[in-house]
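Here's coords-v3.txt, which has compact mmCIF, C-alpha atoms and all ligand atoms:
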```txt
# COMPACT_ATOMS: atom_id res chain seq x y z
CA MET P 15 70.56 74.63 159.12
CA SER P 16 73.48 74.82 156.70
CA PHE P 17 75.23 71.65 155.71
CA ASP P 18 79.02 71.70 155.93
CA VAL P 19 80.15 68.72 153.86
CA GLN P 20 83.84 69.29 154.63
CA LYS P 21 83.11 69.03 158.33
CA ILE P 22 81.06 65.85 157.76
CA ARG P 23 83.94 64.32 155.79
CA GLU P 24 86.16 64.70 158.88
CA ASP P 25 83.95 62.07 160.54
CA PHE P 26 84.95 59.40 157.98
CA PRO P 27 88.59 58.29 158.30
CA ILE P 28 88.52 56.23 155.08
CA LEU P 29 87.74 59.31 152.98
CA HIS P 30 91.25 60.54 153.68
CA ARG P 31 93.06 57.69 152.00
CA GLN P 32 94.61 57.59 148.55
CA VAL P 33 93.76 54.99 145.91
CA ASN P 34 96.19 54.44 143.04
CA GLY P 35 97.88 57.72 143.89
CA TYR P 36 94.68 59.81 143.95
CA PRO P 37 92.44 60.89 146.82
CA LEU P 38 89.65 58.30 147.07
CA VAL P 39 86.30 59.21 145.52
CA TYR P 40 83.87 56.69 146.94
CA LEU P 41 80.75 56.37 144.78
CA ASP P 42 79.66 52.84 145.63
CA ASN P 43 77.35 53.76 148.48
CA ALA P 44 74.50 51.64 147.16
CA ALA P 45 76.68 48.55 147.75
CA THR P 46 77.77 49.64 151.19
CA SER P 47 78.26 52.94 152.98
CA GLN P 48 81.39 54.11 154.76
CA LYS P 49 81.47 54.26 158.56
CA PRO P 50 81.85 57.38 160.69
CA GLN P 51 84.27 57.52 163.62
CA ALA P 52 81.33 57.36 166.07
CA VAL P 53 80.41 53.89 164.76
CA ILE P 54 84.04 52.72 164.67
CA ASP P 55 84.50 53.93 168.28
CA CYS P 56 81.36 52.11 169.33
CA ILE P 57 82.76 48.83 167.93
CA VAL P 58 86.17 49.37 169.59
CA ASP P 59 84.49 50.23 172.92
CA TYR P 60 82.40 47.10 172.86
CA TYR P 61 85.35 44.76 172.33
CA SER P 62 87.66 46.76 174.62
CA LEU P 63 85.30 47.30 177.51
CA TYR P 64 82.25 45.06 177.81
CA ASN P 65 82.35 42.15 175.36
CA ALA P 66 80.17 39.35 176.80
CA ASN P 67 77.32 37.12 175.75
CA ILE P 68 73.88 38.57 176.31
CA HIS P 69 70.59 37.57 177.94
CA ARG P 70 72.17 34.77 179.99
CA GLY P 71 74.83 35.94 182.37
CA VAL P 72 74.25 37.42 185.79
CA HIS P 73 77.69 38.99 185.73
CA THR P 74 78.21 42.71 185.15
CA LEU P 75 79.71 42.55 181.67
CA SER P 76 76.85 40.40 180.40
CA GLN P 77 74.34 42.82 181.84
CA GLU P 78 76.10 45.81 180.30
CA ALA P 79 76.17 44.12 176.90
CA THR P 80 72.51 43.08 177.21
CA ASP P 81 71.49 46.62 178.17
CA ALA P 82 73.38 48.14 175.25
CA TYR P 83 71.93 45.61 172.81
CA GLU P 84 68.36 46.14 174.00
CA LYS P 85 68.89 49.90 173.99
CA ALA P 86 69.87 49.61 170.32
CA ARG P 87 66.67 47.69 169.65
CA ARG P 88 64.67 50.56 171.16
CA LYS P 89 66.61 53.10 169.09
CA ILE P 90 65.66 51.18 165.95
CA GLN P 91 62.08 50.99 167.18
CA GLN P 92 61.92 54.76 167.68
CA HIS P 93 63.73 55.59 164.49
CA PHE P 94 61.30 53.63 162.32
CA HIS P 95 58.33 54.58 164.51
CA ILE P 96 57.50 50.98 165.36
CA ALA P 97 54.79 50.36 167.96
CA LEU P 98 56.48 47.65 170.05
CA PRO P 99 60.13 46.70 170.72
CA GLU P 100 59.32 43.02 170.19
CA GLU P 101 58.34 43.84 166.60
CA VAL P 102 62.03 44.59 165.93
CA ILE P 103 63.90 41.39 165.04
CA PHE P 104 67.67 41.60 164.71
CA THR P 105 68.85 39.75 161.60
CA SER P 106 72.13 39.41 159.75
CA GLY P 107 70.72 41.76 157.10
CA THR P 108 68.07 42.26 154.45
CA THR P 109 68.64 38.88 152.79
CA HIS P 110 68.19 37.08 156.10
CA GLY P 111 65.00 39.04 156.86
CA ILE P 112 63.47 38.20 153.49
CA ASN P 113 64.32 34.51 153.83
CA LEU P 114 62.86 34.43 157.33
CA VAL P 115 59.52 35.75 156.06
CA ALA P 116 59.57 33.56 152.93
CA ASN P 117 60.20 30.49 155.06
CA GLY P 118 57.31 31.45 157.33
CA PHE P 119 54.93 31.79 154.42
CA ALA P 120 55.74 28.28 153.25
CA SER P 121 53.30 27.06 155.87
CA ILE P 122 50.63 29.58 154.85
CA LEU P 123 50.62 29.53 151.03
CA LYS P 124 48.86 26.85 149.07
CA LYS P 125 48.55 25.83 145.46
CA GLY P 126 46.82 28.48 143.37
CA ASP P 127 47.91 31.39 145.59
CA GLU P 128 49.87 34.19 144.00
CA VAL P 129 52.90 36.18 145.07
CA LEU P 130 53.61 39.52 143.40
CA VAL P 131 57.12 40.95 143.07
CA SER P 132 58.30 43.94 141.08
CA ALA P 133 60.51 44.00 138.02
CA LEU P 134 62.87 46.28 139.94
CA GLU P 135 63.90 43.73 142.55
CA HIS P 136 67.31 42.78 143.85
CA HIS P 137 68.09 39.06 143.42
CA SER P 138 67.69 38.64 147.17
CA ASN P 139 64.05 39.62 146.70
CA ILE P 140 63.40 37.29 143.76
CA VAL P 141 65.11 34.01 144.55
CA PRO P 142 63.54 33.34 147.99
CA TRP P 143 60.07 33.81 146.46
CA GLN P 144 60.85 31.49 143.58
CA MET P 145 61.98 28.90 146.11
CA LEU P 146 58.83 29.50 148.15
CA CYS P 147 56.58 29.13 145.11
CA GLU P 148 58.31 25.90 144.14
CA ARG P 149 57.72 24.52 147.62
CA THR P 150 54.07 25.54 147.88
CA GLY P 151 52.70 25.45 144.33
CA ALA P 152 51.92 29.17 144.47
CA SER P 153 52.83 31.22 141.42
CA LEU P 154 55.04 34.26 141.08
CA LYS P 155 53.79 37.29 139.14
CA VAL P 156 55.84 40.31 138.20
CA ILE P 157 54.78 43.98 138.19
CA PRO P 158 56.47 45.29 135.02
CA MET P 159 58.48 48.49 134.66
CA ASN P 160 58.62 51.21 132.02
CA GLU P 161 61.52 52.75 130.10
CA SER P 162 62.16 55.35 132.84
CA GLY P 163 62.58 52.57 135.40
CA GLU P 164 59.23 53.10 137.13
CA LEU P 165 56.72 50.43 138.05
CA ARG P 166 53.69 50.12 135.79
CA MET P 167 51.05 50.81 138.40
CA ASP P 168 48.26 50.25 135.86
CA HIS P 169 49.49 46.65 135.59
CA TYR P 170 49.67 46.38 139.36
CA ASP P 171 45.95 47.08 139.54
CA THR P 172 45.15 44.16 137.24
CA LEU P 173 47.73 41.76 138.70
CA LEU P 174 46.34 42.25 142.19
CA THR P 175 43.48 39.78 142.69
CA PRO P 176 41.89 37.84 145.56
CA LYS P 177 44.48 35.11 144.81
CA THR P 178 47.30 37.48 145.79
CA GLN P 179 48.61 36.58 149.23
CA LEU P 180 51.82 38.58 149.29
CA VAL P 181 53.37 41.59 147.60
CA PHE P 182 57.14 42.22 147.72
CA VAL P 183 58.63 45.47 146.50
CA ASN P 184 61.76 47.40 147.29
CA HIS P 185 61.35 50.92 148.61
CA VAL P 186 64.19 52.16 146.42
CA SER P 187 65.76 50.23 143.52
CA ASN P 188 69.47 49.67 144.10
CA ALA P 189 70.19 49.46 140.37
CA LEU P 190 68.38 52.60 139.23
CA GLY P 191 67.54 54.60 142.36
CA THR P 192 63.80 54.72 141.61
CA ILE P 193 61.69 55.45 144.71
CA ASN P 194 58.62 53.23 144.43
CA PRO P 195 55.13 54.44 145.43
CA ILE P 196 54.98 52.11 148.42
CA GLU P 197 52.08 53.93 150.13
CA GLU P 198 49.83 53.16 147.17
CA ILE P 199 51.22 49.63 146.81
CA ILE P 200 50.50 48.84 150.46
CA GLU P 201 47.04 50.38 150.47
CA LYS P 202 45.91 48.55 147.34
CA ALA P 203 47.36 45.22 148.53
CA HIS P 204 45.54 45.54 151.84
CA ALA P 205 42.28 46.22 150.02
CA MET P 206 42.75 42.70 148.55
CA ASN P 207 43.78 41.24 151.93
CA ALA P 208 47.33 40.63 150.73
CA ALA P 209 50.31 41.15 153.03
CA VAL P 210 53.20 43.42 152.00
CA LEU P 211 56.94 43.17 152.63
CA ILE P 212 59.02 46.20 151.75
CA ASP P 213 62.77 45.84 151.16
CA GLY P 214 64.23 49.00 152.64
CA ALA P 215 67.92 48.15 152.14
CA GLN P 216 68.41 50.93 149.65
CA SER P 217 66.15 53.58 151.14
CA CYS P 218 67.11 53.76 154.79
CA ALA P 219 70.25 55.85 154.28
CA HIS P 220 68.18 58.52 152.52
CA ILE P 221 64.62 58.32 153.84
CA ARG P 222 63.27 57.81 157.35
CA PRO P 223 60.14 55.71 156.95
CA ASP P 224 57.30 55.82 159.48
CA LEU P 225 56.33 52.17 159.59
CA GLN P 226 53.14 52.64 161.60
CA LYS P 227 51.91 55.28 159.22
CA LEU P 228 52.81 53.11 156.22
CA ASN P 229 50.84 50.33 157.89
CA VAL P 230 53.20 47.84 156.23
CA ASP P 231 53.23 44.19 157.36
CA PHE P 232 57.00 43.61 157.08
CA TYR P 233 59.97 45.88 156.43
CA VAL P 234 63.59 44.76 156.18
CA THR P 235 66.89 46.60 156.02
CA SER P 236 70.67 46.24 156.51
CA ALA P 237 72.78 48.40 158.84
CA HIS P 238 75.76 48.49 156.49
CA LYS P 239 73.92 50.57 153.89
CA MET P 240 73.24 53.24 156.53
CA CYS P 241 76.67 53.82 158.07
CA GLY P 242 76.53 50.76 160.34
CA PRO P 243 78.55 47.52 160.21
CA THR P 244 77.98 44.55 157.89
CA GLY P 245 76.26 41.39 159.05
CA VAL P 246 73.44 43.02 160.99
CA GLY P 247 70.02 44.29 160.03
CA MET P 248 66.44 44.44 161.09
CA LEU P 249 63.19 42.76 160.27
CA TYR P 250 60.08 44.62 161.31
CA GLY P 251 56.90 42.60 161.40
CA LYS P 252 53.47 43.41 162.77
CA LYS P 253 53.08 41.50 166.02
CA GLU P 254 50.14 39.43 164.76
CA TRP P 255 52.21 38.31 161.76
CA LEU P 256 55.29 37.48 163.82
CA GLU P 257 53.14 35.42 166.15
CA LYS P 258 51.63 33.57 163.23
CA LEU P 259 54.90 32.75 161.43
CA PRO P 260 56.86 29.69 162.61
CA PRO P 261 60.46 30.16 163.85
CA TYR P 262 63.09 30.17 161.11
CA GLN P 263 66.00 28.58 162.91
CA GLY P 264 66.14 26.37 165.95
CA GLY P 265 68.77 26.80 168.64
CA GLY P 266 69.61 28.60 171.84
CA GLU P 267 67.90 31.87 172.74
CA MET P 268 64.71 31.05 170.78
CA ILE P 269 63.30 28.46 173.16
CA LYS P 270 61.32 28.61 176.36
CA GLU P 271 61.46 24.98 177.39
CA VAL P 272 63.15 22.01 175.75
CA THR P 273 62.49 18.35 176.31
CA PHE P 274 62.98 15.58 173.78
CA GLU P 275 59.21 15.33 173.42
CA LYS P 276 58.46 18.96 172.74
CA THR P 277 59.97 22.41 172.70
CA THR P 278 58.05 25.57 173.35
CA TYR P 279 59.29 28.75 171.77
CA ALA P 280 60.38 31.93 173.42
CA GLU P 281 58.34 35.10 173.27
CA LEU P 282 58.95 37.67 170.56
CA PRO P 283 61.47 38.88 169.51
CA HIS P 284 63.60 35.95 170.77
CA LYS P 285 61.55 33.38 168.85
CA PHE P 286 63.32 34.61 165.70
CA GLU P 287 66.74 35.25 167.23
CA ALA P 288 68.27 31.80 167.59
CA GLY P 289 71.89 31.56 168.71
CA THR P 290 74.34 34.26 169.76
CA PRO P 291 73.59 37.31 167.63
CA ASN P 292 75.93 39.94 166.22
CA ILE P 293 75.90 41.77 169.55
CA CYS P 294 78.50 44.36 168.66
CA GLY P 295 76.86 44.88 165.27
CA GLY P 296 73.46 45.52 166.82
CA ILE P 297 74.88 48.09 169.23
CA ALA P 298 76.80 49.80 166.41
CA PHE P 299 73.62 49.81 164.28
CA GLY P 300 72.12 51.98 167.03
CA ALA P 301 75.15 54.29 166.93
CA ALA P 302 74.77 54.64 163.14
CA ILE P 303 71.12 55.62 163.54
CA ASP P 304 72.13 58.24 166.13
CA TYR P 305 74.76 59.61 163.78
CA LEU P 306 72.36 59.94 160.83
CA ASN P 307 69.69 61.57 162.97
CA GLU P 308 72.16 64.11 164.26
CA ILE P 309 72.62 65.29 160.68
CA GLY P 310 68.90 64.88 159.98
CA PHE P 311 67.19 63.08 157.14
CA GLU P 312 65.77 66.21 155.59
CA THR P 313 69.24 67.75 155.41
CA ILE P 314 70.61 64.52 153.94
CA ALA P 315 67.86 64.30 151.29
CA ASN P 316 68.18 67.95 150.25
CA TYR P 317 71.93 67.77 149.92
CA GLU P 318 71.88 64.45 148.04
CA ASP P 319 69.21 65.81 145.67
CA SER P 320 71.47 68.72 144.80
CA LEU P 321 74.32 66.26 144.12
CA LEU P 322 72.03 64.15 141.92
CA ILE P 323 70.96 67.15 139.84
CA TYR P 324 74.54 68.33 139.45
CA ALA P 325 75.93 64.89 138.60
CA THR P 326 73.16 64.17 136.07
CA GLN P 327 73.84 67.46 134.35
CA ARG P 328 77.63 66.98 134.29
CA LEU P 329 77.54 63.38 133.06
CA LEU P 330 75.06 64.20 130.30
CA GLU P 331 77.64 66.64 128.91
CA ILE P 332 79.48 63.53 127.71
CA GLU P 333 78.32 62.62 124.25
CA GLY P 334 77.09 59.04 123.89
CA LEU P 335 76.42 58.66 127.61
CA LYS P 336 73.04 57.20 128.44
CA ILE P 337 71.45 57.19 131.89
CA TYR P 338 69.17 54.29 132.86
CA GLY P 339 66.49 55.10 135.40
CA THR P 340 65.17 58.60 134.89
CA SER P 341 62.23 58.66 137.27
CA LYS P 342 61.55 62.07 138.79
CA ASN P 343 61.29 60.27 142.07
CA LYS P 344 64.75 58.83 142.67
CA THR P 345 67.62 58.83 145.13
CA ALA P 346 71.16 59.86 144.19
CA VAL P 347 72.02 56.86 142.02
CA ILE P 348 73.14 57.20 138.41
CA SER P 349 73.33 54.07 136.29
CA PHE P 350 74.86 54.74 132.89
CA ASN P 351 76.71 53.40 129.88
CA LEU P 352 78.93 54.88 127.20
CA GLU P 353 77.77 53.93 123.74
CA GLY P 354 79.64 50.89 122.41
CA ILE P 355 81.80 50.50 125.53
CA HIS P 356 81.50 47.72 128.10
CA PRO P 357 80.72 49.03 131.63
CA TYR P 358 83.50 46.90 133.12
CA ASP P 359 86.13 48.72 131.05
CA VAL P 360 84.86 52.10 132.23
CA GLY P 361 84.91 50.93 135.85
CA THR P 362 88.49 49.69 135.52
CA ILE P 363 89.77 52.97 134.12
CA VAL P 364 88.03 55.19 136.65
CA ASP P 365 89.38 52.98 139.46
CA LYS P 366 92.90 53.69 138.20
CA LEU P 367 92.03 57.34 138.84
CA GLY P 368 90.98 56.64 142.44
CA ILE P 369 87.22 56.51 141.84
CA ALA P 370 85.11 53.64 143.16
CA VAL P 371 81.99 52.92 141.11
CA ARG P 372 80.18 49.65 140.62
CA THR P 373 79.85 47.91 137.28
CA GLY P 374 77.70 44.94 136.34
CA HIS P 375 74.09 43.89 136.81
CA HIS P 376 73.90 45.12 140.44
CA CYS P 377 72.13 41.90 141.53
CA ALA P 378 69.21 42.95 139.34
CA GLN P 379 69.63 41.00 136.13
CA PRO P 380 65.96 41.28 135.08
CA ILE P 381 66.37 45.09 134.88
CA MET P 382 69.42 44.70 132.63
CA ASP P 383 67.48 42.24 130.45
CA PHE P 384 64.68 44.81 130.15
CA TYR P 385 67.12 47.37 128.74
CA ASN P 386 68.90 44.65 126.79
CA ILE P 387 72.32 45.52 128.22
CA PRO P 388 74.92 43.40 130.06
CA GLY P 389 75.11 45.89 132.90
CA THR P 390 75.77 49.51 133.74
CA VAL P 391 78.29 51.70 135.49
CA ARG P 392 76.64 52.85 138.70
CA ALA P 393 77.68 55.90 140.67
CA SER P 394 75.77 56.07 143.95
CA PHE P 395 76.16 59.08 146.19
CA SER P 396 76.02 59.77 149.88
CA PHE P 397 75.84 62.96 151.94
CA TYR P 398 79.65 62.87 152.33
CA ASN P 399 80.26 63.18 148.59
CA THR P 400 80.98 66.56 147.00
CA LYS P 401 80.50 68.43 143.74
CA GLU P 402 84.29 68.34 143.27
CA GLU P 403 84.03 64.55 143.33
CA VAL P 404 81.30 64.70 140.67
CA ASP P 405 83.72 66.75 138.56
CA ARG P 406 86.44 64.14 139.05
CA LEU P 407 84.03 61.40 138.01
CA THR P 408 83.01 63.35 134.91
CA GLU P 409 86.63 63.90 133.88
CA ALA P 410 87.49 60.25 134.51
CA VAL P 411 84.56 59.02 132.39
CA GLN P 412 85.61 61.44 129.63
CA ARG P 413 89.08 59.98 129.80
CA ALA P 414 87.76 56.42 129.70
CA LYS P 415 85.72 57.32 126.65
CA SER P 416 88.69 58.72 124.75
CA MET P 417 90.86 55.75 125.69
CA LEU P 418 88.30 53.13 124.74
CA SER P 419 86.67 54.51 121.62
C1 LIG I 1 71.85 45.57 149.35
C2 LIG I 1 70.48 45.20 149.04
C3 LIG I 1 69.94 43.96 149.44
C4 LIG I 1 70.76 42.91 150.15
O1 LIG I 1 71.24 43.37 151.37
P1 LIG I 1 72.23 42.43 152.21
O2 LIG I 1 72.77 43.34 153.27
O3 LIG I 1 73.29 41.94 151.25
O4 LIG I 1 71.42 41.31 152.75
C5 LIG I 1 68.62 43.70 149.14
N1 LIG I 1 67.85 44.59 148.49
C6 LIG I 1 68.33 45.79 148.09
C7 LIG I 1 67.43 46.75 147.39
C8 LIG I 1 69.65 46.13 148.35
O5 LIG I 1 70.12 47.31 147.95
```
Show me, as structure tokens, the structure contained in the file I just sent.
Amino acid sequence: MSFDVQKIREDFPILHRQVNGYPLVYLDNAATSQKPQAVIDCIVDYYSLYNANIHRGVHTLSQEATDAYEKARRKIQQHFHIALPEEVIFTSGTTHGINLVANGFASILKKGDEVLVSALEHHSNIVPWQMLCERTGASLKVIPMNESGELRMDHYDTLLTPKTQLVFVNHVSNALGTINPIEEIIEKAHAMNAAVLIDGAQSCAHIRPDLQKLNVDFYVTSAHKMCGPTGVGMLYGKKEWLEKLPPYQGGGEMIKEVTFEKTTYAELPHKFEAGTPNICGGIAFGAAIDYLNEIGFETIANYEDSLLIYATQRLLEIEGLKIYGTSKNKTAVISFNLEGIHPYDVGTIVDKLGIAVRTGHHCAQPIMDFYNIPGTVRASFSFYNTKEEVDRLTEAVQRAKSMLS
């Protein structure tokens, strides 16, 4: 099937706007993706036609909203090839999912236990574990990275011991784009009886993971990185783990029976879904998954790979430009710096030319410390970006270089 990027761009209203007098070039997809009309329509329909609270009302609107919300849960289940619908927990996003699991493990970990995280983590995947270790007396160990931005798997083998209870790794690094060898990480952790949580926030727009085949214990992601709205995401957990973990928040929806003496908790998934959820967001998450599957993940990956190759080649034409994260196995993310120039200054100039890139540490300060830099300029691509946009980025960076050096 041929991929018509111009036709795809018609689906995204925001791509037609001007920024600072230039047509927008949006290259900050690793921070959040843009939304297609199908997702926007889904949100408008919900609030225009059947907005109601779910799971409680007998009235028609409440039933329609409940049906749509539960249908979205099943879409997510199918998309990620999850065995049971109750293993899909709606969250407010990746950060929420990670904190939910970390909180649950506070009652499992004890002094002397070890938790392994990777050097490539987002802050949201470091801080909750530090907090957990402080609470429980467990210690945090880090799988180091190499110069290309890949995990040192030889070190993983020695760090993994019978003391290891948990391993936390992102599927794809948001700062560098590295795709981590999660199959091997999961298999080796399981051989030591350690549980594994994979942070899929950065991978799910590019890769469709088969969670049963991966045999992972927990997997978290955010809808907004995959064409859905902000403030909604999913936590997958194996049923036996979700039954073992205590609830994260108390409130409505998560209880079966409440008296002042004792409360019994609702069945999964409601045990972890206290309070009124982001109903519209959950439904629109389903619409985003439908949209991406209509294009197809193989088509998306092939097209984005061709953009990555082209953009790498074009940017490297600029003398003094250095790319951080050069793994062969990476998504379409290019983190770079111009010699002697602060990334923030580059970002400011390219914005004046209508191009949105991210500058800074990308919530991954330990990676920046490894390279001994304050941050990078990060261009992150999606299937709706074009080679012409890569050319505009290249010209803008050239211009920034001549203005600043
Ligand atoms: C974006 C991101 C997060 C945080 O996602 P939120 O939606 O802000 O909770 C965590 N990990 C990675 C790798 C990310 O890219």
- Task: Compute the set of protein, DNA and RNA residues whose minimum atom distance to ligand LIG 1 (chain I) is at most 8 Å, using only C-alpha atoms and all ligand atoms, and state it as JSON, numbers by chain.
- Result: {"P": [44, 45, 46, 106, 107, 108, 109, 110, 111, 135, 136, 137, 138, 139, 184, 185, 186, 187, 188, 189, 213, 214, 215, 216, 217, 235, 236, 237, 238, 239, 244, 245, 246, 247]}
- Message: Show me, as an MDAnalysis selection string, the residues that have an atom within 8 Å of range 163-166 of chain P when counting all atoms listed in the file, minus same-chain residues fewer than 5 positions from it.
- Response: chainID P and resid 132:134 157:158 190 192 194 338:341
- Query: Distance CA of Arg88 in chain P-CA of Leu180 in chain P, one decimal place?
  - Reply: 28.1 Å
- Message: Taking 4 positions as the minimum chain separation for residues in the same chain, which residues sit within 8 Å of Arg222 in chain P when counting all atoms listed in the file? Answer as an MDAnalysis selection string.
- Response: chainID P and resid 93:94 218 311
- Query: Separation of CA of Ser349 in chain P and CA of Val411 in chain P, in Å?
  - Reply: 12.9 Å
- Message: Could you check the closest approach to Gly296 in chain P for each of P:Val33, P:Val102, P:Leu146, P:Ile363 and tell me which residue wins, using only C-alpha atoms?
- Response: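 Of P:Val33, P:Val102, P:Leu146, P:Ile363, the one nearest Gly296 in chain P, counting only C-alpha atoms, is P:Val102.
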- At what distance in Å, to one decimal, does CA of Glu271 in chain P lie from CA of Tyr64 in chain P?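 Here the two named atoms are 28.9 Å from each other.
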- Task: For range 16-20 of chain P, list every protein, DNA or RNA residue within 9 Å, evaluated using only C-alpha atoms, and leave out those in the same chain fewer than 2 positions away; present the list as a PyMOL selection string.
- Result: chain P and resi 22-24+309+313-314+317+397-400
- Given the choices P:Gln412, P:Asp81, P:Tyr233, P:Met167, which gets closest to Ala66 in chain P if the distance is worked out from all atoms listed in the file? P:Asp81
- Query: Taking into account all atoms listed in the file, which residue in the set P:Met382, P:Ile68, P:Val364, P:Leu123 is nearest to Gly289 in chain P?
  - Reply: P:Ile68
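Proximity to Ala370 in chain P was assessed for P:Lys177, P:Lys276, P:Lys342, P:Arg392 counting all atoms listed in the file; the smallest distance is recorded for P:Arg392.
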- Task: Please work out which residues fall within 6 Å of (78.9, 47.0, 133.1), coordinates as given in the file, with all atoms listed in the file counting, and return them as a list in words.
- Result: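 I get His356, Pro357, Tyr358, Thr373, Gly374, Gly389, Thr390 and Val391 of chain P for the residues within 6 Å of that point.
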- Item | Exercise: Ile54 in chain P partners within 9 Å, all atoms listed in the file, chain neighbours under 4 positions left out, as a VMD selection string | chain P and resid 49 to 50 58 to 59 242 to 243 298
- Tell me which of P:Pro223, P:Lys202, P:Leu63, P:Gly361 sits closest to Thr172 in chain P, counting only C-alpha atoms.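 Between P:Pro223, P:Lys202, P:Leu63, P:Gly361, the residue approaching Thr172 in chain P most closely is P:Lys202.
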- Task: Determine the nearest neighbour of Pro260 in chain P from the options P:Asn229, P:Ala116, P:Gln92, P:Leu41, counting all atoms listed in the file.
- Result: P:Ala116
- Mind checking which residues fall within 7 Å of Met206 in chain P, counting all atoms listed in the file, ignoring those fewer than 2 positions away in the same chain, and posting them as a ChimeraX atom specification? /P:175-176,202-204,208
Centre and edge lengths, as lines of an AutoDock Vina configuration file, for the axis-aligned box enclosing every listed atom of range 371-374 of chain P with 6 Å of padding on each of the six sides, in Å to one decimal?
```
center_x = 79.8
center_y = 48.9
center_z = 138.7
size_x = 16.3
size_y = 20.0
size_z = 16.8
```
